[in-house]
Amino acid sequence: MNKIRLTLLALVAILVGTYAATAQDALTEQNSAPQQRTLLARTFEATSGLVLPYRIHYPADFSPAKQYPLLLFMHGAGERGSDNQLQLFHGGDMLATAPELAEVIIVAPQCPAGEWWADIDHDLSTRNLLEMNPAPPTTAPMLAVEELVGALVGLGFVDTARIYGVGMSMGAMGLFDLVCRHPQMFAAVQPICGAVNTGERLAAYDGPTAFRLFHGIDDDVVPADCSRRAAEVLKSGGHEVELVLYDGCGHLSWHPAFAEEDFLSWMLTKRKGE
């Protein structure tokens with residue numbers, strides 16, 4: 001236990017030693033381009049030894065004495081790698097320019113190539129996403145994400161009543177995975193074309209999170225029924241949930257989802273305990 005505690009303290013110390021410089025970098029870059037915020041490239045070494053690339057944005061007026069909302073942005077399978085850039089291929093423009101995010105800490109990790117946020121059968125010829133594993137092990141990348149978010153929260157400048165999540169496809173599955181493992185973490189999440197075991201795992205969810213699910217009706221990669229069932233289960237459990245389905249849309253339903261006028265504002269108005 002002492003070894004684990006010391007390791008976590010070391011991780012926090014690393015972030016304490018770098019956040020001031022990071023915030024100053026962000027302030028300088030944002031002042032030079034006030035209409036375009038920069039998500040700075042960083043890496044995080046998890047206790048497992050996995051080095052997780054991630055992008056982060058601190059508000060321009062960042063002060064460690066204040067508390068800020070935090071948005072965790074989880075990309076899909078096509079953006080895996082180690083370049084610390086591809087995870088912004090979809091949604092990066094929104095993260096960089098949306099005025100709603102000016103005072104939000106944004107964290108966008110990148111899953112390593114060949115790895116997955118959530119542990120499921122990823123063989124497209126055999127997998128059945130409607131009957132996912134009710135008790136999947138936590139993947140190494142997801143453990144790294146948990147540690148990264150935990151380290152940021154541990155520094156005291158994250159408003160824990162206003163932690164949010166957005167995920168696409170594999171990232172939406174990862175978001176569901178996080179919600180199930182940490183039912184008190186999020187104020188609101190928006191999984192886009194995602195999936196989770198609903199009959200046992202999601203049905204057992206008992207937390208304060210508000211959900212808004214998006215899916216293309218003609219999705220031939222992740223069936224729309226995955227979001228339909230998730231919405232039904234959450235609604236039957238008394239949770240706040242909205243399902244948005246796009247007629248004539250396939251797997252790329254994040255495009256119309258990001259274009260929703262209230263995509264960010266709906267989420268950012270949610271606060272745990274209210």
# chains A, B, ... in the order shown; residues from 1 in each chain; ligands from 1
$ closest_atom_pairs --of "region 143-214 of chain A" --to "region 58-64 of chain A" --cutoff "10 Å" --atoms "only C-alpha atoms" --output "tab-separated table"
residue	atom	partner	partner_atom	distance
A:Leu155	CA	A:Pro64	CA	8.0
A:Gly156	CA	A:Pro64	CA	7.3
A:Phe157	CA	A:Pro64	CA	5.4
A:Val158	CA	A:Pro64	CA	9.1
$ select_by_dssp --residues "region 12-240 of chain A" --states "strand (DSSP E)" --output "ChimeraX atom specification"
/A:40-45,51-57,68-74,105-109,158-168,188-192,210-216
$ write_last_selection --atoms "N, CA and C atoms" --output "tab-separated table (two decimals), in the first residue's frame"
chain	number	residue	atom	x	y	z
A	40	LEU	N	-2.27	21.31	-25.74
A	40	LEU	CA	-0.84	21.06	-25.66
A	40	LEU	C	-0.54	19.56	-25.57
A	41	ALA	N	0.53	19.15	-26.21
A	41	ALA	CA	0.92	17.74	-26.25
A	41	ALA	C	1.70	17.38	-24.99
A	42	ARG	N	1.23	16.35	-24.29
A	42	ARG	CA	1.89	15.86	-23.08
A	42	ARG	C	1.86	14.34	-23.07
A	43	THR	N	2.63	13.72	-22.20
A	43	THR	CA	2.57	12.27	-22.00
A	43	THR	C	2.44	12.00	-20.51
A	44	PHE	N	1.83	10.87	-20.21
A	44	PHE	CA	1.61	10.46	-18.82
A	44	PHE	C	2.08	9.02	-18.67
A	45	GLU	N	2.98	8.78	-17.74
A	45	GLU	CA	3.45	7.42	-17.49
A	45	GLU	C	2.64	6.81	-16.35
A	51	VAL	N	3.09	4.47	-21.37
A	51	VAL	CA	3.19	5.91	-21.59
A	51	VAL	C	2.02	6.33	-22.47
A	52	LEU	N	1.15	7.13	-21.91
A	52	LEU	CA	-0.09	7.54	-22.58
A	52	LEU	C	0.07	8.94	-23.14
A	53	PRO	N	0.04	9.10	-24.47
A	53	PRO	CA	0.03	10.45	-25.03
A	53	PRO	C	-1.33	11.11	-24.76
A	54	TYR	N	-1.31	12.39	-24.49
A	54	TYR	CA	-2.58	13.09	-24.34
A	54	TYR	C	-2.40	14.56	-24.68
A	55	ARG	N	-3.51	15.19	-25.02
A	55	ARG	CA	-3.55	16.62	-25.25
A	55	ARG	C	-4.35	17.27	-24.11
A	56	ILE	N	-3.94	18.46	-23.73
A	56	ILE	CA	-4.62	19.12	-22.62
A	56	ILE	C	-4.74	20.62	-22.89
A	57	HIS	N	-5.86	21.17	-22.46
A	57	HIS	CA	-6.09	22.61	-22.54
A	57	HIS	C	-6.44	23.11	-21.15
A	68	TYR	N	-12.08	24.20	-11.96
A	68	TYR	CA	-12.60	24.27	-13.32
A	68	TYR	C	-13.29	22.96	-13.69
A	69	PRO	N	-14.29	23.03	-14.58
A	69	PRO	CA	-14.86	21.80	-15.13
A	69	PRO	C	-13.78	21.05	-15.93
A	70	LEU	N	-13.95	19.76	-16.06
A	70	LEU	CA	-13.02	18.94	-16.85
A	70	LEU	C	-13.81	18.12	-17.85
A	71	LEU	N	-13.36	18.14	-19.11
A	71	LEU	CA	-13.97	17.33	-20.17
A	71	LEU	C	-12.97	16.28	-20.63
A	72	LEU	N	-13.36	15.02	-20.53
A	72	LEU	CA	-12.56	13.91	-21.04
A	72	LEU	C	-13.08	13.54	-22.42
A	73	PHE	N	-12.22	13.64	-23.43
A	73	PHE	CA	-12.60	13.38	-24.81
A	73	PHE	C	-11.93	12.09	-25.26
A	74	MET	N	-12.74	11.08	-25.62
A	74	MET	CA	-12.22	9.76	-25.95
A	74	MET	C	-12.50	9.44	-27.42
A	105	ILE	N	-11.11	22.63	-18.55
A	105	ILE	CA	-9.91	21.83	-18.76
A	105	ILE	C	-10.30	20.67	-19.68
A	106	ILE	N	-9.62	20.55	-20.80
A	106	ILE	CA	-9.92	19.50	-21.77
A	106	ILE	C	-8.78	18.48	-21.77
A	107	VAL	N	-9.10	17.22	-21.65
A	107	VAL	CA	-8.10	16.15	-21.68
A	107	VAL	C	-8.48	15.17	-22.78
A	108	ALA	N	-7.57	14.97	-23.74
A	108	ALA	CA	-7.83	14.08	-24.87
A	108	ALA	C	-6.69	13.06	-24.98
A	109	PRO	N	-6.83	11.91	-24.33
A	109	PRO	CA	-5.78	10.89	-24.40
A	109	PRO	C	-5.80	10.15	-25.73
A	158	VAL	N	-9.71	20.76	-10.15
A	158	VAL	CA	-10.83	20.21	-10.93
A	158	VAL	C	-12.08	20.25	-10.07
A	159	ASP	N	-13.14	20.81	-10.61
A	159	ASP	CA	-14.44	20.81	-9.94
A	159	ASP	C	-15.04	19.42	-10.13
A	160	THR	N	-15.00	18.59	-9.11
A	160	THR	CA	-15.44	17.20	-9.24
A	160	THR	C	-16.94	17.07	-9.44
A	161	ALA	N	-17.69	18.14	-9.25
A	161	ALA	CA	-19.12	18.12	-9.54
A	161	ALA	C	-19.39	18.39	-11.02
A	162	ARG	N	-18.32	18.73	-11.76
A	162	ARG	CA	-18.49	19.07	-13.17
A	162	ARG	C	-17.42	18.38	-14.02
A	163	ILE	N	-17.40	17.05	-13.96
A	163	ILE	CA	-16.55	16.26	-14.83
A	163	ILE	C	-17.45	15.65	-15.91
A	164	TYR	N	-17.05	15.81	-17.18
A	164	TYR	CA	-17.87	15.41	-18.31
A	164	TYR	C	-17.10	14.47	-19.23
A	165	GLY	N	-17.84	13.74	-20.05
A	165	GLY	CA	-17.21	12.83	-20.99
A	165	GLY	C	-17.90	12.82	-22.33
A	166	VAL	N	-17.09	12.79	-23.39
A	166	VAL	CA	-17.57	12.61	-24.77
A	166	VAL	C	-16.75	11.49	-25.38
A	167	GLY	N	-17.42	10.55	-26.05
A	167	GLY	CA	-16.70	9.45	-26.67
A	167	GLY	C	-17.36	9.03	-27.97
A	168	MET	N	-16.54	8.61	-28.93
A	168	MET	CA	-17.04	8.17	-30.23
A	168	MET	C	-16.68	6.70	-30.45
A	188	ALA	N	-22.17	14.39	-16.52
A	188	ALA	CA	-22.89	14.11	-17.77
A	188	ALA	C	-21.93	13.49	-18.76
A	189	VAL	N	-22.46	12.61	-19.60
A	189	VAL	CA	-21.66	12.00	-20.66
A	189	VAL	C	-22.48	11.95	-21.94
A	190	GLN	N	-21.76	11.95	-23.08
A	190	GLN	CA	-22.40	11.85	-24.38
A	190	GLN	C	-21.68	10.79	-25.22
A	191	PRO	N	-22.10	9.53	-25.08
A	191	PRO	CA	-21.51	8.48	-25.91
A	191	PRO	C	-22.16	8.49	-27.31
A	192	ILE	N	-21.30	8.47	-28.33
A	192	ILE	CA	-21.76	8.51	-29.71
A	192	ILE	C	-21.46	7.17	-30.37
A	210	ALA	N	-25.98	12.27	-16.02
A	210	ALA	CA	-26.97	12.48	-17.08
A	210	ALA	C	-26.38	11.97	-18.39
A	211	PHE	N	-27.22	11.30	-19.18
A	211	PHE	CA	-26.76	10.67	-20.41
A	211	PHE	C	-27.48	11.27	-21.62
A	212	ARG	N	-26.72	11.49	-22.68
A	212	ARG	CA	-27.33	11.77	-23.97
A	212	ARG	C	-26.59	10.92	-25.00
A	213	LEU	N	-27.33	10.00	-25.62
A	213	LEU	CA	-26.76	9.03	-26.54
A	213	LEU	C	-27.09	9.42	-27.97
A	214	PHE	N	-26.13	9.22	-28.86
A	214	PHE	CA	-26.31	9.53	-30.28
A	214	PHE	C	-25.98	8.29	-31.10
A	215	HIS	N	-26.74	8.08	-32.18
A	215	HIS	CA	-26.47	6.91	-33.03
A	215	HIS	C	-27.11	7.10	-34.40
A	216	GLY	N	-26.42	6.62	-35.41
A	216	GLY	CA	-27.00	6.57	-36.76
A	216	GLY	C	-27.84	5.33	-36.92
$ closest_atom_pairs --of "region 219-262 of chain A" --to "region 83-93 of chain A" --cutoff "10 Å" --atoms "only C-alpha atoms" --output "CSV"
residue,atom,partner,partner_atom,distance
A:Leu252,CA,A:His90,CA,9.9
A:Trp254,CA,A:His90,CA,8.0
A:His255,CA,A:His90,CA,8.3
A:Phe258,CA,A:Gly91,CA,7.3
$ write_last_selection --atoms "N, CA, C and O atoms" --output "short mmCIF file (atom, residue, chain, number, x, y, z; two decimals), in the first residue's frame"
data_model
loop_
_atom_site.label_atom_id
_atom_site.label_comp_id
_atom_site.auth_asym_id
_atom_site.auth_seq_id
_atom_site.Cartn_x
_atom_site.Cartn_y
_atom_site.Cartn_z
N LEU A 252 -20.74 7.18 -38.89
CA LEU A 252 -20.10 8.47 -38.61
C LEU A 252 -21.07 9.46 -37.96
O LEU A 252 -21.13 10.65 -38.33
N TRP A 254 -20.95 10.96 -35.29
CA TRP A 254 -20.37 12.07 -34.54
C TRP A 254 -20.45 13.38 -35.33
O TRP A 254 -20.47 14.45 -34.73
N HIS A 255 -20.51 13.30 -36.66
CA HIS A 255 -20.61 14.53 -37.44
C HIS A 255 -21.90 15.28 -37.13
O HIS A 255 -21.86 16.48 -36.76
N PHE A 258 -21.86 16.42 -33.24
CA PHE A 258 -21.07 17.62 -32.95
C PHE A 258 -21.74 18.88 -33.49
O PHE A 258 -21.50 19.98 -32.99
#
$ closest_residue --among "A:Ala113, A:Leu202, A:Ala98, A:Cys193" --to "Pro134 (chain A)" --atoms "only C-alpha atoms"
A:Leu202
$ select_by_dssp --residues "region 92-237 of chain A" --states "helix (DSSP H, G or I)" --output "JSON, numbers by chain"
{"A": [92, 93, 94, 95, 96, 97, 99, 100, 101, 129, 130, 131, 140, 141, 142, 143, 144, 145, 146, 147, 148, 149, 150, 151, 152, 153, 154, 170, 171, 172, 173, 174, 175, 176, 177, 178, 179, 180, 181, 202, 203, 204, 225, 226, 227, 228, 229, 230, 231, 232, 233, 234, 235, 236]}
$ write_last_selection --atoms "N, CA and C atoms" --output "short mmCIF file (atom, residue, chain, number, x, y, z; two decimals), in the first residue's frame"
data_model
loop_
_atom_site.label_atom_id
_atom_site.label_comp_id
_atom_site.auth_asym_id
_atom_site.auth_seq_id
_atom_site.Cartn_x
_atom_site.Cartn_y
_atom_site.Cartn_z
N GLY A 92 -11.59 17.70 -33.12
CA GLY A 92 -10.53 18.62 -32.71
C GLY A 92 -10.86 20.08 -32.94
N ASP A 93 -11.54 20.37 -34.05
CA ASP A 93 -11.94 21.76 -34.33
C ASP A 93 -12.91 22.26 -33.27
N MET A 94 -13.83 21.41 -32.87
CA MET A 94 -14.78 21.80 -31.83
C MET A 94 -14.05 22.09 -30.52
N LEU A 95 -13.13 21.21 -30.15
CA LEU A 95 -12.39 21.41 -28.91
C LEU A 95 -11.57 22.69 -28.94
N ALA A 96 -11.06 23.04 -30.12
CA ALA A 96 -10.16 24.19 -30.24
C ALA A 96 -10.89 25.52 -30.37
N THR A 97 -12.15 25.50 -30.80
CA THR A 97 -12.80 26.77 -31.12
C THR A 97 -14.10 27.03 -30.37
N PRO A 99 -16.66 28.27 -28.00
CA PRO A 99 -16.56 29.22 -26.89
C PRO A 99 -16.99 28.62 -25.56
N GLU A 100 -17.87 27.62 -25.60
CA GLU A 100 -18.33 27.00 -24.35
C GLU A 100 -17.20 26.34 -23.57
N LEU A 101 -16.10 26.02 -24.27
CA LEU A 101 -15.01 25.29 -23.62
C LEU A 101 -13.87 26.19 -23.15
N LEU A 129 -22.15 -7.02 -30.18
CA LEU A 129 -22.07 -5.89 -29.28
C LEU A 129 -23.32 -5.72 -28.42
N LEU A 130 -24.37 -6.44 -28.76
CA LEU A 130 -25.57 -6.37 -27.94
C LEU A 130 -25.47 -7.26 -26.70
N GLU A 131 -24.47 -8.13 -26.67
CA GLU A 131 -24.29 -9.04 -25.53
C GLU A 131 -22.84 -8.97 -25.06
N ALA A 140 -5.18 -1.83 -20.12
CA ALA A 140 -4.06 -1.00 -19.68
C ALA A 140 -4.25 0.47 -20.06
N PRO A 141 -4.72 0.78 -21.29
CA PRO A 141 -4.95 2.20 -21.61
C PRO A 141 -6.01 2.84 -20.72
N MET A 142 -7.07 2.08 -20.38
CA MET A 142 -8.09 2.65 -19.53
C MET A 142 -7.56 2.88 -18.11
N LEU A 143 -6.73 1.98 -17.62
CA LEU A 143 -6.11 2.19 -16.32
C LEU A 143 -5.28 3.47 -16.32
N ALA A 144 -4.58 3.71 -17.43
CA ALA A 144 -3.78 4.93 -17.54
C ALA A 144 -4.67 6.17 -17.53
N VAL A 145 -5.81 6.11 -18.22
CA VAL A 145 -6.75 7.23 -18.23
C VAL A 145 -7.27 7.48 -16.81
N GLU A 146 -7.63 6.42 -16.12
CA GLU A 146 -8.11 6.57 -14.74
C GLU A 146 -7.06 7.25 -13.87
N GLU A 147 -5.81 6.84 -14.00
CA GLU A 147 -4.74 7.43 -13.20
C GLU A 147 -4.50 8.89 -13.58
N LEU A 148 -4.56 9.19 -14.87
CA LEU A 148 -4.36 10.56 -15.32
C LEU A 148 -5.43 11.49 -14.76
N VAL A 149 -6.68 11.09 -14.91
CA VAL A 149 -7.78 11.92 -14.39
C VAL A 149 -7.67 12.02 -12.87
N GLY A 150 -7.34 10.90 -12.22
CA GLY A 150 -7.19 10.92 -10.77
C GLY A 150 -6.09 11.85 -10.31
N ALA A 151 -4.99 11.88 -11.07
CA ALA A 151 -3.87 12.77 -10.71
C ALA A 151 -4.27 14.24 -10.85
N LEU A 152 -5.00 14.56 -11.92
CA LEU A 152 -5.47 15.93 -12.11
C LEU A 152 -6.44 16.34 -11.00
N VAL A 153 -7.36 15.45 -10.68
CA VAL A 153 -8.31 15.73 -9.59
C VAL A 153 -7.56 15.92 -8.28
N GLY A 154 -6.52 15.12 -8.08
CA GLY A 154 -5.75 15.20 -6.85
C GLY A 154 -5.03 16.52 -6.64
N MET A 170 -15.39 3.38 -30.34
CA MET A 170 -14.57 2.76 -29.31
C MET A 170 -14.47 3.66 -28.09
N GLY A 171 -14.40 4.98 -28.31
CA GLY A 171 -14.34 5.91 -27.20
C GLY A 171 -15.63 5.96 -26.41
N ALA A 172 -16.77 5.77 -27.10
CA ALA A 172 -18.05 5.71 -26.39
C ALA A 172 -18.14 4.44 -25.55
N MET A 173 -17.60 3.34 -26.06
CA MET A 173 -17.56 2.11 -25.27
C MET A 173 -16.67 2.30 -24.05
N GLY A 174 -15.55 3.02 -24.25
CA GLY A 174 -14.70 3.33 -23.11
C GLY A 174 -15.39 4.22 -22.10
N LEU A 175 -16.19 5.16 -22.59
CA LEU A 175 -16.93 6.05 -21.70
C LEU A 175 -17.95 5.27 -20.88
N PHE A 176 -18.69 4.38 -21.54
CA PHE A 176 -19.61 3.51 -20.79
C PHE A 176 -18.85 2.69 -19.75
N ASP A 177 -17.68 2.19 -20.14
CA ASP A 177 -16.87 1.38 -19.23
C ASP A 177 -16.49 2.19 -17.99
N LEU A 178 -16.08 3.43 -18.19
CA LEU A 178 -15.71 4.30 -17.07
C LEU A 178 -16.91 4.60 -16.17
N VAL A 179 -18.05 4.87 -16.80
CA VAL A 179 -19.26 5.17 -16.03
C VAL A 179 -19.62 3.99 -15.13
N CYS A 180 -19.52 2.79 -15.68
CA CYS A 180 -19.87 1.60 -14.90
C CYS A 180 -18.87 1.33 -13.78
N ARG A 181 -17.60 1.62 -14.03
CA ARG A 181 -16.57 1.38 -13.01
C ARG A 181 -16.56 2.49 -11.95
N LEU A 202 -25.00 -2.27 -17.25
CA LEU A 202 -25.61 -0.94 -17.20
C LEU A 202 -26.85 -0.94 -16.31
N ALA A 203 -27.54 -2.05 -16.25
CA ALA A 203 -28.73 -2.13 -15.39
C ALA A 203 -28.36 -1.95 -13.92
N ALA A 204 -27.13 -2.24 -13.56
CA ALA A 204 -26.69 -2.11 -12.18
C ALA A 204 -26.17 -0.70 -11.86
N ASP A 225 -29.22 -0.46 -32.17
CA ASP A 225 -29.90 -1.08 -31.04
C ASP A 225 -29.06 -1.03 -29.77
N CYS A 226 -27.74 -0.88 -29.92
CA CYS A 226 -26.88 -0.77 -28.73
C CYS A 226 -27.25 0.47 -27.93
N SER A 227 -27.46 1.58 -28.61
CA SER A 227 -27.86 2.81 -27.91
C SER A 227 -29.33 2.77 -27.52
N ARG A 228 -30.15 2.15 -28.35
CA ARG A 228 -31.58 2.04 -28.00
C ARG A 228 -31.74 1.28 -26.68
N ARG A 229 -31.07 0.14 -26.58
CA ARG A 229 -31.19 -0.68 -25.35
C ARG A 229 -30.61 0.05 -24.15
N ALA A 230 -29.48 0.72 -24.36
CA ALA A 230 -28.87 1.45 -23.26
C ALA A 230 -29.81 2.53 -22.74
N ALA A 231 -30.45 3.25 -23.65
CA ALA A 231 -31.39 4.30 -23.25
C ALA A 231 -32.58 3.71 -22.49
N GLU A 232 -33.09 2.59 -22.97
CA GLU A 232 -34.23 1.94 -22.30
C GLU A 232 -33.87 1.52 -20.88
N VAL A 233 -32.68 0.92 -20.73
CA VAL A 233 -32.26 0.45 -19.41
C VAL A 233 -32.05 1.62 -18.46
N LEU A 234 -31.41 2.67 -18.93
CA LEU A 234 -31.18 3.83 -18.08
C LEU A 234 -32.49 4.50 -17.68
N LYS A 235 -33.41 4.60 -18.64
CA LYS A 235 -34.70 5.22 -18.34
C LYS A 235 -35.47 4.39 -17.32
N SER A 236 -35.44 3.07 -17.48
CA SER A 236 -36.16 2.21 -16.54
C SER A 236 -35.55 2.27 -15.14
#
$ atom_distance --atom1 "CA of Val222 (chain A)" --atom2 "CA of Leu39 (chain A)"
29.4 Å
